[in-house]
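Have a look at start.cif; it's mmCIF, C-alpha atoms:
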```
data_upload
loop_
_atom_site.label_atom_id
_atom_site.label_comp_id
_atom_site.auth_asym_id
_atom_site.auth_seq_id
_atom_site.Cartn_x
_atom_site.Cartn_y
_atom_site.Cartn_z
CA MET A 1 -24.91 -155.87 -20.88
CA ASP A 2 -22.41 -158.41 -19.58
CA MET A 3 -21.72 -160.88 -22.36
CA SER A 4 -21.30 -164.10 -20.44
CA VAL A 5 -22.86 -167.51 -20.09
CA VAL A 6 -20.20 -168.59 -17.60
CA VAL A 7 -17.71 -166.35 -15.81
CA PRO A 8 -14.02 -167.35 -15.96
CA VAL A 9 -13.91 -168.77 -12.40
CA GLU A 10 -16.94 -170.99 -13.06
CA ALA A 11 -15.57 -171.96 -16.49
CA GLU A 12 -12.29 -173.00 -14.88
CA ALA A 13 -14.15 -175.33 -12.49
CA PHE A 14 -16.15 -176.77 -15.42
CA VAL A 15 -13.01 -177.38 -17.50
CA GLN A 16 -11.14 -178.96 -14.59
CA SER A 17 -14.05 -181.34 -13.95
CA LEU A 18 -14.19 -182.68 -17.55
CA GLU A 19 -13.66 -186.43 -17.59
CA THR A 20 -14.05 -189.39 -19.93
CA PHE A 21 -17.00 -191.78 -19.54
CA SER A 22 -17.61 -195.42 -20.41
CA LEU A 23 -20.21 -196.31 -23.05
CA LYS A 24 -22.53 -197.71 -20.39
CA GLU A 25 -22.56 -194.35 -18.53
CA VAL A 26 -23.79 -192.36 -21.55
CA GLY A 27 -27.01 -190.58 -20.57
CA SER A 28 -26.51 -191.12 -16.82
CA GLU A 29 -27.04 -188.31 -14.31
CA ARG A 30 -23.29 -187.67 -14.02
CA TRP A 31 -22.91 -187.69 -17.83
CA PHE A 32 -25.84 -185.28 -18.19
CA ARG A 33 -24.20 -182.83 -15.76
CA GLN A 34 -21.07 -182.82 -17.92
CA HIS A 35 -23.20 -182.37 -21.05
CA GLU A 36 -24.70 -179.19 -19.56
CA ARG A 37 -21.26 -177.87 -18.68
CA ILE A 38 -19.90 -178.48 -22.18
CA GLU A 39 -23.03 -176.81 -23.62
CA LYS A 40 -22.29 -173.68 -21.55
CA LEU A 41 -18.58 -173.74 -22.41
CA ASN A 42 -19.52 -173.99 -26.09
CA MET A 43 -21.87 -170.99 -25.93
CA GLN A 44 -19.29 -168.91 -24.08
CA ALA A 45 -16.53 -169.86 -26.55
CA ILE A 46 -18.75 -168.73 -29.44
CA LEU A 47 -19.52 -165.44 -27.67
CA ASN A 48 -15.83 -164.79 -27.04
CA ALA A 49 -14.80 -165.64 -30.61
CA SER A 50 -17.56 -163.58 -32.22
CA ALA A 51 -16.91 -160.55 -30.03
CA MET A 52 -13.14 -161.05 -30.41
CA HIS A 53 -12.92 -160.94 -26.62
CA ASP A 54 -10.41 -162.76 -24.47
CA GLU A 55 -10.96 -166.39 -25.50
CA PHE A 56 -10.66 -167.75 -21.98
CA ILE A 57 -12.53 -171.02 -22.71
CA LYS A 58 -9.93 -171.93 -25.33
CA GLU A 59 -7.10 -170.92 -22.95
CA LEU A 60 -8.52 -173.06 -20.13
CA LEU A 61 -9.03 -176.13 -22.33
CA VAL A 62 -5.45 -175.77 -23.60
CA SER A 63 -3.80 -175.17 -20.21
CA TYR A 64 -5.67 -178.00 -18.43
CA GLY A 65 -5.01 -180.41 -21.32
CA LYS A 66 -8.71 -181.18 -21.78
CA ILE A 67 -8.97 -181.14 -25.59
CA PRO A 68 -8.20 -184.91 -25.80
CA VAL A 69 -11.10 -185.45 -23.32
CA LEU A 70 -13.47 -183.58 -25.65
CA VAL A 71 -12.27 -185.66 -28.63
CA HIS A 72 -12.80 -188.87 -26.63
CA GLU A 73 -16.32 -187.87 -25.57
CA MET A 74 -17.29 -186.95 -29.13
CA ILE A 75 -16.06 -190.27 -30.53
CA LEU A 76 -17.78 -192.09 -27.63
CA ILE A 77 -21.15 -190.70 -28.81
CA GLU A 78 -20.27 -191.53 -32.42
CA VAL A 79 -19.68 -195.18 -31.39
CA TRP A 80 -22.89 -195.14 -29.30
CA LYS A 81 -24.88 -193.89 -32.32
CA HIS A 82 -23.41 -196.61 -34.56
CA LYS A 83 -23.54 -199.56 -32.19
CA VAL A 84 -26.04 -199.01 -29.35
CA PHE A 85 -28.70 -196.60 -30.69
CA PRO A 86 -29.91 -198.90 -33.56
CA ILE A 87 -30.37 -201.82 -31.10
CA LEU A 88 -32.15 -199.56 -28.64
CA CYS A 89 -34.57 -198.41 -31.37
CA GLN A 90 -35.51 -202.04 -32.11
CA LEU A 91 -36.13 -203.15 -28.53
CA GLN A 92 -39.81 -204.05 -28.35
CA ASP A 93 -40.41 -202.93 -24.81
CA PHE A 94 -38.94 -199.48 -25.44
CA ASN A 95 -41.51 -196.79 -26.15
CA PRO A 96 -40.54 -193.79 -24.04
CA LYS A 97 -43.08 -191.05 -23.27
CA SER A 98 -40.39 -188.49 -24.08
CA THR A 99 -37.31 -188.85 -26.30
CA PHE A 100 -35.88 -185.60 -24.99
CA HIS A 101 -33.17 -187.36 -22.97
CA LEU A 102 -32.10 -189.45 -25.96
CA TYR A 103 -32.06 -186.40 -28.19
CA MET A 104 -29.65 -184.66 -25.80
CA VAL A 105 -27.26 -187.62 -26.14
CA ILE A 106 -27.42 -187.43 -29.94
CA HIS A 107 -27.00 -183.66 -29.79
CA HIS A 108 -23.89 -183.96 -27.58
CA GLU A 109 -21.74 -184.75 -30.62
CA VAL A 110 -22.94 -181.53 -32.32
CA THR A 111 -22.08 -179.48 -29.22
CA ILE A 112 -18.54 -180.85 -29.00
CA ILE A 113 -17.69 -180.49 -32.69
CA ASN A 114 -19.06 -176.94 -32.51
CA LEU A 115 -16.73 -176.20 -29.60
CA LEU A 116 -13.79 -177.85 -31.39
CA GLU A 117 -14.50 -175.84 -34.54
CA THR A 118 -14.32 -172.63 -32.48
CA ILE A 119 -11.07 -173.45 -30.65
CA MET A 120 -9.14 -175.40 -33.34
CA TYR A 121 -8.92 -172.18 -35.35
CA HIS A 122 -5.95 -171.45 -33.03
CA LYS A 123 -2.62 -173.22 -33.40
CA ASP A 124 -2.10 -173.76 -29.65
CA SER A 125 -5.35 -175.80 -29.52
CA CYS A 126 -4.04 -178.08 -32.25
CA GLU A 127 -0.79 -178.53 -30.31
CA ALA A 128 -2.64 -179.11 -27.02
CA ALA A 129 -4.80 -181.80 -28.65
CA ASP A 130 -1.58 -183.83 -28.77
CA ASP A 131 -2.01 -187.43 -30.02
CA SER A 132 -5.81 -187.03 -30.14
CA VAL A 133 -5.32 -185.01 -33.38
CA LEU A 134 -4.79 -188.40 -35.07
CA ASP A 135 -8.16 -189.56 -33.74
CA LEU A 136 -9.67 -186.27 -34.90
CA VAL A 137 -8.24 -186.77 -38.41
CA ASP A 138 -9.81 -190.25 -38.53
CA TYR A 139 -13.11 -188.83 -37.27
CA CYS A 140 -13.11 -186.10 -39.93
CA HIS A 141 -12.24 -188.66 -42.59
CA ARG A 142 -15.24 -190.80 -41.61
CA LYS A 143 -17.56 -187.78 -41.75
CA LEU A 144 -16.17 -186.42 -45.04
CA THR A 145 -16.42 -189.82 -46.70
CA LEU A 146 -20.11 -190.01 -45.76
CA LEU A 147 -20.57 -186.46 -47.01
CA ALA A 148 -18.82 -187.17 -50.32
CA SER A 149 -21.01 -190.26 -50.87
CA LYS A 150 -23.99 -187.95 -50.23
CA ALA A 151 -25.32 -190.47 -47.68
CA THR A 152 -26.03 -187.74 -45.12
CA THR A 153 -27.63 -185.42 -47.70
CA GLU A 154 -30.04 -188.09 -48.88
CA ARG A 155 -31.14 -188.83 -45.32
CA THR A 156 -31.66 -185.11 -44.71
CA ALA A 157 -33.73 -184.83 -47.91
CA THR A 158 -35.91 -187.74 -46.73
CA HIS A 159 -36.50 -185.87 -43.48
CA ASP A 160 -37.39 -182.66 -45.40
CA LYS A 161 -39.81 -184.60 -47.58
CA HIS A 162 -41.44 -186.21 -44.58
CA ASN A 163 -41.88 -182.80 -42.92
CA LEU A 164 -43.41 -181.32 -46.06
CA THR A 165 -45.83 -184.12 -46.77
CA GLY A 166 -46.75 -184.65 -43.16
CA GLY A 167 -46.29 -188.37 -43.89
CA ALA A 168 -47.95 -191.09 -41.87
CA ALA A 169 -47.85 -190.70 -38.10
CA VAL A 170 -44.39 -191.55 -36.88
CA SER A 171 -43.41 -192.89 -33.50
CA ASN A 172 -41.20 -190.94 -31.12
CA ILE A 173 -38.30 -193.24 -31.97
CA GLU A 174 -38.75 -192.81 -35.75
CA GLU A 175 -38.82 -189.04 -35.33
CA LEU A 176 -35.64 -189.27 -33.29
CA GLN A 177 -33.93 -191.32 -36.03
CA MET A 178 -34.82 -188.61 -38.56
CA GLN A 179 -33.50 -185.85 -36.29
CA SER A 180 -30.31 -187.84 -35.87
CA ALA A 181 -29.86 -187.95 -39.67
CA VAL A 182 -30.28 -184.18 -39.94
CA LEU A 183 -27.72 -183.63 -37.17
CA GLU A 184 -25.32 -186.06 -38.87
CA PHE A 185 -25.29 -183.80 -41.94
CA GLU A 186 -24.51 -180.74 -39.78
CA ILE A 187 -21.77 -182.60 -37.89
CA SER A 188 -20.14 -183.64 -41.18
CA LEU A 189 -20.09 -180.02 -42.37
CA LYS A 190 -18.42 -178.95 -39.11
CA ALA A 191 -15.83 -181.72 -39.66
CA VAL A 192 -14.88 -179.97 -42.93
CA SER A 193 -13.85 -176.86 -40.93
CA VAL A 194 -12.07 -178.82 -38.19
CA LEU A 195 -10.02 -180.68 -40.80
CA ARG A 196 -9.11 -177.40 -42.48
CA TYR A 197 -7.73 -176.02 -39.18
CA ILE A 198 -5.67 -179.19 -38.68
CA THR A 199 -4.17 -178.75 -42.19
CA ASP A 200 -3.38 -175.12 -41.24
CA HIS A 201 -1.52 -175.90 -38.04
CA THR A 202 -0.12 -179.41 -37.85
CA GLU A 203 3.58 -180.07 -38.30
CA SER A 204 3.42 -183.65 -36.99
CA VAL A 205 4.83 -186.22 -39.41
CA SER A 206 2.33 -188.81 -38.12
CA VAL A 207 -0.66 -186.52 -38.69
CA ILE A 208 0.53 -185.52 -42.20
CA ASN A 209 1.16 -189.19 -43.02
CA ARG A 210 -2.31 -190.12 -41.77
CA MET A 211 -4.02 -187.42 -43.88
CA LEU A 212 -2.07 -188.06 -47.08
CA CYS A 213 -1.02 -191.72 -47.10
CA THR A 214 -3.56 -193.53 -44.92
CA HIS A 215 -6.71 -191.62 -45.89
CA ASN A 216 -5.71 -189.91 -49.16
CA LEU A 217 -7.65 -186.84 -48.06
CA PRO A 218 -6.80 -184.77 -51.17
CA CYS A 219 -8.86 -187.22 -53.26
CA VAL A 220 -11.75 -187.15 -50.75
CA LEU A 221 -11.72 -183.33 -50.92
CA VAL A 222 -11.73 -183.40 -54.74
CA GLN A 223 -14.80 -185.63 -54.53
CA LEU A 224 -16.45 -183.14 -52.16
CA ILE A 225 -15.83 -180.28 -54.59
CA ASP A 226 -17.21 -182.43 -57.39
CA CYS A 227 -20.47 -183.42 -55.65
CA CYS A 228 -20.81 -180.28 -53.44
CA PRO A 229 -23.34 -181.74 -50.93
CA TRP A 230 -24.09 -178.31 -49.45
CA SER A 231 -25.64 -177.17 -52.73
CA ARG A 232 -28.73 -178.58 -54.47
CA TYR A 233 -31.39 -177.93 -57.08
CA LYS A 234 -34.92 -177.92 -55.72
CA GLU A 235 -37.93 -177.18 -57.89
CA GLY A 236 -35.72 -175.45 -60.46
CA GLU A 237 -33.98 -173.23 -57.88
CA VAL A 238 -30.47 -173.38 -56.48
CA GLU A 239 -30.30 -173.80 -52.70
CA LYS A 240 -27.16 -173.74 -50.55
CA TYR A 241 -26.72 -174.80 -46.96
CA ILE A 242 -25.67 -171.58 -45.21
CA ASN A 243 -25.97 -170.73 -41.50
CA ASN A 244 -27.35 -174.20 -40.77
CA ARG A 245 -30.30 -174.15 -43.14
CA TRP A 246 -31.04 -174.51 -46.85
CA GLN A 247 -31.43 -171.08 -48.45
CA LYS A 248 -32.56 -170.11 -51.96
CA ILE A 249 -29.76 -168.36 -53.80
CA PRO A 250 -30.55 -165.53 -56.25
CA VAL A 251 -29.15 -166.04 -59.78
CA GLU A 252 -26.50 -163.33 -59.38
CA ASP A 253 -25.06 -165.17 -56.35
CA HIS A 254 -24.91 -168.68 -57.86
CA LEU A 255 -21.13 -168.48 -58.27
CA LYS A 256 -20.49 -166.94 -54.88
CA MET A 257 -18.30 -169.12 -52.70
CA THR A 258 -19.80 -170.31 -49.41
CA LYS A 259 -17.74 -170.69 -46.25
CA LEU A 260 -17.72 -174.48 -46.80
CA ASP A 261 -16.35 -174.16 -50.33
CA GLY A 262 -13.62 -171.96 -48.88
CA GLN A 263 -12.72 -174.47 -46.17
CA VAL A 264 -12.35 -177.32 -48.71
CA TRP A 265 -10.20 -175.21 -51.06
CA ILE A 266 -7.95 -174.00 -48.23
CA SER A 267 -7.52 -177.62 -47.01
CA LEU A 268 -6.50 -178.67 -50.54
CA TYR A 269 -4.17 -175.71 -50.83
CA ASN A 270 -2.46 -176.73 -47.56
CA LEU A 271 -2.27 -180.45 -48.34
CA LEU A 272 -0.90 -179.99 -51.86
CA LEU A 273 1.34 -176.93 -51.50
CA LYS A 274 2.89 -177.14 -48.03
CA GLU A 275 6.44 -178.44 -48.29
CA ASP A 276 6.06 -181.11 -45.57
CA CYS A 277 2.99 -182.44 -47.37
CA GLN A 278 4.54 -182.40 -50.84
CA ARG A 279 7.33 -184.64 -49.58
CA LYS A 280 4.82 -187.24 -48.33
CA TYR A 281 2.12 -187.40 -51.03
CA GLU A 282 2.41 -190.04 -53.71
CA PHE A 283 1.39 -188.80 -57.14
CA ASN A 284 0.58 -192.14 -58.75
CA ASN A 285 -1.62 -192.04 -61.86
CA PHE A 286 -4.87 -192.28 -59.92
CA ASN A 287 -4.01 -189.47 -57.50
CA LYS A 288 -2.63 -187.25 -60.24
CA ASN A 289 -5.77 -187.65 -62.40
CA GLN A 290 -8.04 -186.95 -59.46
CA ILE A 291 -6.12 -183.83 -58.41
CA LEU A 292 -6.06 -182.51 -61.99
CA LYS A 293 -9.88 -182.54 -61.99
CA LEU A 294 -9.59 -179.41 -59.85
CA ARG A 295 -8.50 -177.40 -62.89
CA GLY A 296 -12.06 -177.50 -64.20
CA PHE A 297 -13.36 -175.90 -61.00
CA LEU A 298 -10.71 -173.19 -60.64
CA THR A 299 -12.56 -170.55 -62.60
CA GLU A 300 -11.63 -166.88 -62.70
CA VAL A 301 -14.71 -166.08 -60.57
CA LEU A 302 -13.56 -168.54 -57.90
CA VAL A 303 -9.94 -167.34 -57.84
CA ASP A 304 -11.14 -163.73 -57.54
CA GLN A 305 -12.91 -164.70 -54.31
CA LEU A 306 -9.94 -166.58 -52.81
CA PRO A 307 -6.77 -165.13 -54.35
CA ASN A 308 -4.31 -167.65 -52.83
CA LEU A 309 -5.80 -170.19 -55.25
CA VAL A 310 -3.68 -168.59 -58.00
CA GLU A 311 -0.74 -170.55 -56.54
CA LEU A 312 -2.77 -173.75 -56.64
CA GLN A 313 -3.66 -173.03 -60.26
CA ARG A 314 0.02 -172.65 -61.17
CA TYR A 315 0.90 -175.81 -59.29
CA LEU A 316 -1.76 -177.82 -61.19
CA ALA A 317 -0.54 -176.45 -64.53
CA HIS A 318 2.96 -177.67 -63.62
CA LEU A 319 1.61 -181.03 -62.38
CA ALA A 320 -0.21 -181.59 -65.68
CA VAL A 321 3.05 -181.53 -67.69
CA SER A 322 5.47 -183.15 -65.26
CA ASP A 323 5.86 -186.14 -63.00
CA PRO A 324 6.59 -185.13 -59.40
CA ALA A 325 9.46 -186.86 -57.65
CA PRO A 326 8.34 -190.01 -55.82
CA PRO A 327 7.89 -189.52 -52.07
CA LYS A 328 10.95 -190.18 -49.94
CA LYS A 329 10.76 -193.64 -48.40
CA THR A 330 11.80 -192.72 -44.90
CA LEU A 331 11.10 -195.07 -42.07
CA ILE A 332 8.83 -193.47 -39.52
CA LEU A 333 7.57 -194.92 -36.30
CA GLU A 334 3.95 -194.03 -36.89
CA GLN A 335 1.63 -193.30 -34.01
CA ILE A 336 -1.85 -194.65 -34.55
CA PRO A 337 -5.19 -193.31 -33.34
CA GLU A 338 -6.59 -195.29 -30.45
CA ILE A 339 -9.89 -193.86 -29.22
CA TRP A 340 -12.41 -195.48 -31.63
CA ASN A 341 -10.63 -198.89 -31.54
CA HIS A 342 -10.29 -198.82 -27.77
CA ILE A 343 -14.00 -198.07 -27.19
CA VAL A 344 -15.09 -200.73 -29.72
CA ARG A 345 -12.70 -203.36 -28.33
CA GLU A 346 -13.75 -202.67 -24.74
CA ASN A 347 -17.45 -203.10 -25.53
CA SER A 348 -17.33 -205.73 -28.25
CA GLY A 349 -20.14 -208.26 -27.80
CA LYS A 350 -21.84 -206.11 -25.14
CA TRP A 351 -23.84 -203.77 -27.40
CA LYS A 352 -27.23 -205.38 -26.71
CA ALA A 353 -26.58 -205.63 -22.97
CA ILE A 354 -25.66 -201.91 -22.88
CA ALA A 355 -28.81 -200.99 -24.85
CA LYS A 356 -31.02 -203.02 -22.45
CA TYR A 357 -29.31 -201.52 -19.41
CA GLN A 358 -29.75 -197.96 -20.72
CA VAL A 359 -33.43 -198.54 -21.57
CA LYS A 360 -34.05 -199.76 -18.03
CA GLU A 361 -31.82 -197.38 -16.07
CA THR A 362 -31.29 -194.27 -18.18
CA PHE A 363 -33.85 -193.56 -20.89
CA ASN A 364 -37.10 -194.16 -19.05
CA PRO A 365 -37.12 -191.21 -16.65
CA SER A 366 -40.07 -190.60 -14.33
CA GLU A 367 -42.33 -187.54 -14.73
CA SER A 368 -40.54 -185.74 -11.91
CA ASP A 369 -37.10 -186.49 -13.44
CA LEU A 370 -38.31 -185.12 -16.78
CA ARG A 371 -39.56 -181.93 -15.15
CA LEU A 372 -36.25 -181.50 -13.34
CA GLN A 373 -34.31 -182.03 -16.59
CA ALA A 374 -36.48 -179.51 -18.44
CA LYS A 375 -35.92 -176.95 -15.66
CA ARG A 376 -32.16 -177.48 -15.70
CA LEU A 377 -32.06 -177.19 -19.46
CA ALA A 378 -34.07 -173.96 -19.37
CA GLU A 379 -31.36 -172.63 -17.05
CA THR A 380 -28.60 -173.76 -19.43
CA TYR A 381 -30.30 -172.00 -22.34
CA ASN A 382 -31.07 -168.90 -20.30
CA LEU A 383 -33.20 -166.50 -22.39
CA ASP A 384 -31.11 -163.46 -21.43
CA VAL A 385 -28.10 -165.30 -22.80
CA MET A 386 -29.96 -166.03 -26.03
CA GLU A 387 -30.62 -162.31 -26.43
CA ILE A 388 -26.90 -161.63 -26.04
CA LEU A 389 -26.14 -164.25 -28.69
CA LEU A 390 -28.30 -162.42 -31.22
CA PRO A 391 -26.12 -160.05 -33.23
CA GLU A 392 -26.85 -156.33 -32.72
CA LYS A 393 -27.42 -153.87 -35.56
CA PRO A 394 -24.25 -154.11 -37.64
CA LYS A 395 -21.58 -151.43 -37.27
CA CYS A 396 -19.06 -150.36 -39.92
CA GLY A 397 -15.78 -152.26 -39.49
CA SER A 398 -13.86 -149.10 -40.36
CA CYS A 399 -15.60 -146.12 -38.73
CA GLY A 400 -18.10 -147.75 -36.33
CA LYS A 401 -21.23 -146.09 -37.75
CA GLU A 402 -24.38 -148.14 -38.43
CA ALA A 403 -23.75 -150.21 -41.56
CA THR A 404 -25.92 -151.61 -44.34
CA LYS A 405 -23.38 -153.14 -46.76
CA ARG A 406 -21.80 -156.50 -46.06
CA CYS A 407 -18.47 -157.88 -47.32
CA SER A 408 -19.72 -160.07 -50.16
CA ARG A 409 -16.78 -162.43 -49.86
CA CYS A 410 -16.87 -163.61 -46.27
CA GLN A 411 -20.24 -162.17 -45.19
CA GLY A 412 -18.58 -161.49 -41.85
CA GLU A 413 -17.83 -157.75 -41.89
CA TRP A 414 -20.07 -154.73 -42.45
CA TYR A 415 -19.44 -151.26 -43.88
CA CYS A 416 -21.36 -148.02 -44.23
CA HIS A 417 -19.77 -147.02 -47.56
CA ARG A 418 -17.51 -148.45 -50.24
CA GLU A 419 -14.75 -145.99 -49.16
CA CYS A 420 -14.68 -147.49 -45.66
CA GLN A 421 -14.47 -151.00 -47.11
CA VAL A 422 -11.46 -150.08 -49.29
CA LYS A 423 -9.75 -148.32 -46.36
CA HIS A 424 -10.32 -151.32 -44.02
CA TRP A 425 -9.24 -153.99 -46.55
CA PRO A 426 -5.56 -154.32 -45.43
CA LYS A 427 -6.78 -155.13 -41.88
CA HIS A 428 -9.70 -157.32 -42.95
CA LYS A 429 -7.85 -159.22 -45.69
CA ARG A 430 -6.54 -162.13 -43.61
CA ALA A 431 -9.78 -162.76 -41.75
CA CYS A 432 -11.66 -162.53 -45.01
CA GLN A 433 -9.43 -165.05 -46.76
CA LEU A 434 -9.71 -167.48 -43.89
CA MET A 435 -13.50 -167.08 -44.01
CA ALA A 436 -13.81 -166.77 -40.25
CA GLU A 437 -17.53 -166.22 -39.87
CA ALA A 438 -18.46 -166.28 -36.23
CA THR A 439 -22.08 -165.32 -36.95
CA GLU A 440 -22.65 -168.76 -38.46
CA LYS A 441 -21.72 -170.33 -35.13
CA ILE A 442 -24.07 -168.03 -33.23
CA GLN A 443 -27.03 -168.88 -35.45
CA LYS A 444 -26.16 -172.56 -35.18
CA ASP A 445 -26.48 -172.45 -31.41
CA LEU A 446 -29.72 -170.55 -31.50
CA HIS A 447 -31.03 -173.02 -34.07
CA THR A 448 -30.02 -176.20 -32.24
CA SER A 449 -31.17 -175.05 -28.83
CA GLY A 450 -34.59 -173.94 -29.99
#
```
Translate the structure described by the file into structure tokens.
Amino acid sequence: MDMSVVVPVEAEAFVQSLETFSLKEVGSERWFRQHERIEKLNMQAILNASAMHDEFIKELLVSYGKIPVLVHEMILIEVWKHKVFPILCQLQDFNPKSTFHLYMVIHHEVTIINLLETIMYHKDSCEAADDSVLDLVDYCHRKLTLLASKATTERTATHDKHNLTGGAAVSNIEELQMQSAVLEFEISLKAVSVLRYITDHTESVSVINRMLCTHNLPCVLVQLIDCCPWSRYKEGEVEKYINNRWQKIPVEDHLKMTKLDGQVWISLYNLLLKEDCQRKYEFNNFNKNQILKLRGFLTEVLVDQLPNLVELQRYLAHLAVSDPAPPKKTLILEQIPEIWNHIVRENSGKWKAIAKYQVKETFNPSESDLRLQAKRLAETYNLDVMEILLPEKPKCGSCGKEATKRCSRCQGEWYCHRECQVKHWPKHKRACQLMAEATEKIQKDLHTSG
């Protein structure tokens, strides 16, 4: 079966047509057309990455210089959700028959960060993002800070509780606000991966400065390890957020690292051990004490699962007994991120007017418009495509026979026997350490498009 949502020629036209919108245009017909195209590009990028096929979506986005456009559009929706959506929800004359259209706007941010997570794994994507990497670092910092304060987790738990108890009847708008909170949690978890890829690839002094000096990301990451928002106790059982849902974890797997744990540890490893970063980071008393908290988490069981952490362990032992040299005070002409500030400045004082305009012109579609939208969306999420996205019966990564045993470390490779796993380890090692689990992305898309 041909594994494609869009063929390369069509994808090229889609990528070329990507453009930035104003806040007022969010949800318009033209905006919706672009949303559908990005949705298809995202699905195809996931298919290519998971099948390890030619990643032509990534290549096209890089060669046409469209990654900054994606970053802009994602931050545009973030601003819309912060500034316009709350006003819209309170407008008295707004009680739409269907919130489907609004949900697609909220979901747009998920689609783009999903696509970015798939392509930013590659260094050339990071380079092609150019100055927008600074905006992406700021975006990830906002999401990780929310995650570390557990704000998103608490909202998600409220939604879970409401679903379980049935609660009082909620309006369409209230239901939408709850769905938005659940998506916010998922977006924040994707931001963890995107940040990790930036720490892997960036050599820009401005980006390193932004991560270490402006946002003190090592301390935010320590906080994330400390509070671990993707793990919780519920009715005496441990649950972890894996493959976009909370799953009960058997006792013997309690200490098993999830992909998210791995991404946070690799980000810390990069930010603390890379030479360029070590020169920039200031180890004042506060930072040093925060970083040394990591020693309590670096257990033997953890290091066994991600062996590069041995180096981090050694580094922390050295840090505990010495004072690192102060960072070099070099004068740098620092670039600053512009997207969020530009959108906010451009629309300052107009939030209510935009909300009223969108209620009148955009989010009150007629019956026929709704039917048309539903039809177009059914075409975007073509059922044949969904079948392709479902993983087949697993095959052994070494010999290709049907497999029943999974690599316990990354959950991303299958084997028929232990012998095959040992034989394949030299080839699988790098992918395993980087925790590149494409299946998680596939299930995410199936889950969010259902």
### Task
Select, from A:Leu88, A:Leu189, A:Thr214, A:Thr258, the residue with the minimum atom-to-atom distance to Glu174 (chain A), counting only C-alpha atoms.
A:Leu88
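Using all atoms listed in the file, the shortest contact distance between Ser204 (chain A) and any of A:Glu334, A:Asn95, A:Lys190, A:Ile112 is found at A:Glu334.
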### Query
Which residue gives the smallest distance to Ile208 (chain A) among A:Leu134, A:Cys228, A:Ala49, A:Ile173, with all atoms listed in the file counted?
A:Leu134
Long-range neighbours of Leu116 (chain A) as an mmCIF file with C-alpha atoms, in the frame of the given file, 12 Å cut-off, only C-alpha atoms, 6 positions minimum in chain:
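Produced file part08.cif, reproduced below:
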```cif
data_model
loop_
_atom_site.group_PDB
_atom_site.id
_atom_site.type_symbol
_atom_site.label_atom_id
_atom_site.label_comp_id
_atom_site.auth_asym_id
_atom_site.auth_seq_id
_atom_site.Cartn_x
_atom_site.Cartn_y
_atom_site.Cartn_z
ATOM 1 C CA ILE A 38 -19.900 -178.480 -22.180
ATOM 2 C CA LEU A 41 -18.580 -173.740 -22.410
ATOM 3 C CA ASN A 42 -19.520 -173.990 -26.090
ATOM 4 C CA MET A 43 -21.870 -170.990 -25.930
ATOM 5 C CA ALA A 45 -16.530 -169.860 -26.550
ATOM 6 C CA ILE A 46 -18.750 -168.730 -29.440
ATOM 7 C CA ILE A 57 -12.530 -171.020 -22.710
ATOM 8 C CA LYS A 58 -9.930 -171.930 -25.330
ATOM 9 C CA LEU A 61 -9.030 -176.130 -22.330
ATOM 10 C CA VAL A 62 -5.450 -175.770 -23.600
ATOM 11 C CA LYS A 66 -8.710 -181.180 -21.780
ATOM 12 C CA ILE A 67 -8.970 -181.140 -25.590
ATOM 13 C CA PRO A 68 -8.200 -184.910 -25.800
ATOM 14 C CA VAL A 69 -11.100 -185.450 -23.320
ATOM 15 C CA LEU A 70 -13.470 -183.580 -25.650
ATOM 16 C CA VAL A 71 -12.270 -185.660 -28.630
ATOM 17 C CA GLU A 73 -16.320 -187.870 -25.570
ATOM 18 C CA MET A 74 -17.290 -186.950 -29.130
ATOM 19 C CA GLU A 109 -21.740 -184.750 -30.620
ATOM 20 C CA VAL A 110 -22.940 -181.530 -32.320
ATOM 21 C CA HIS A 122 -5.950 -171.450 -33.030
ATOM 22 C CA SER A 125 -5.350 -175.800 -29.520
ATOM 23 C CA CYS A 126 -4.040 -178.080 -32.250
ATOM 24 C CA ALA A 129 -4.800 -181.800 -28.650
ATOM 25 C CA VAL A 133 -5.320 -185.010 -33.380
ATOM 26 C CA LEU A 136 -9.670 -186.270 -34.900
ATOM 27 C CA CYS A 140 -13.110 -186.100 -39.930
ATOM 28 C CA ILE A 187 -21.770 -182.600 -37.890
ATOM 29 C CA LYS A 190 -18.420 -178.950 -39.110
ATOM 30 C CA ALA A 191 -15.830 -181.720 -39.660
ATOM 31 C CA VAL A 192 -14.880 -179.970 -42.930
ATOM 32 C CA SER A 193 -13.850 -176.860 -40.930
ATOM 33 C CA VAL A 194 -12.070 -178.820 -38.190
ATOM 34 C CA LEU A 195 -10.020 -180.680 -40.800
ATOM 35 C CA TYR A 197 -7.730 -176.020 -39.180
ATOM 36 C CA ILE A 198 -5.670 -179.190 -38.680
ATOM 37 C CA LYS A 441 -21.720 -170.330 -35.130
#
```
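Residue nearest Phe14 (chain A) within the list A:Glu311, A:Glu39, A:Asp253, A:Glu55: A:Glu39 [criterion: smallest interatomic distance, all atoms listed in the file].
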### Message
If we count only C-alpha atoms and set the cut-off at 7 Å, which residues sit around region 77-87 of chain A, ignoring sequence neighbours fewer than 6 positions away in its own chain? Please answer as a PyMOL selection string.
### Response
chain A and resi 23+109+351-352+355
### Query
When distances are computed from only C-alpha atoms, which of A:Leu146, A:Leu316, A:Ile336, A:Leu273 shows the smallest separation from Val205 (chain A)?
A:Ile336
### Query
CA of Leu309 (chain A) and CA of Gly262 (chain A) are how many Å apart?
10.2 Å
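For the atom pair formed by CA of Val6 (chain A) and CA of Thr111 (chain A), the distance is 16.0 Å, given to one decimal.
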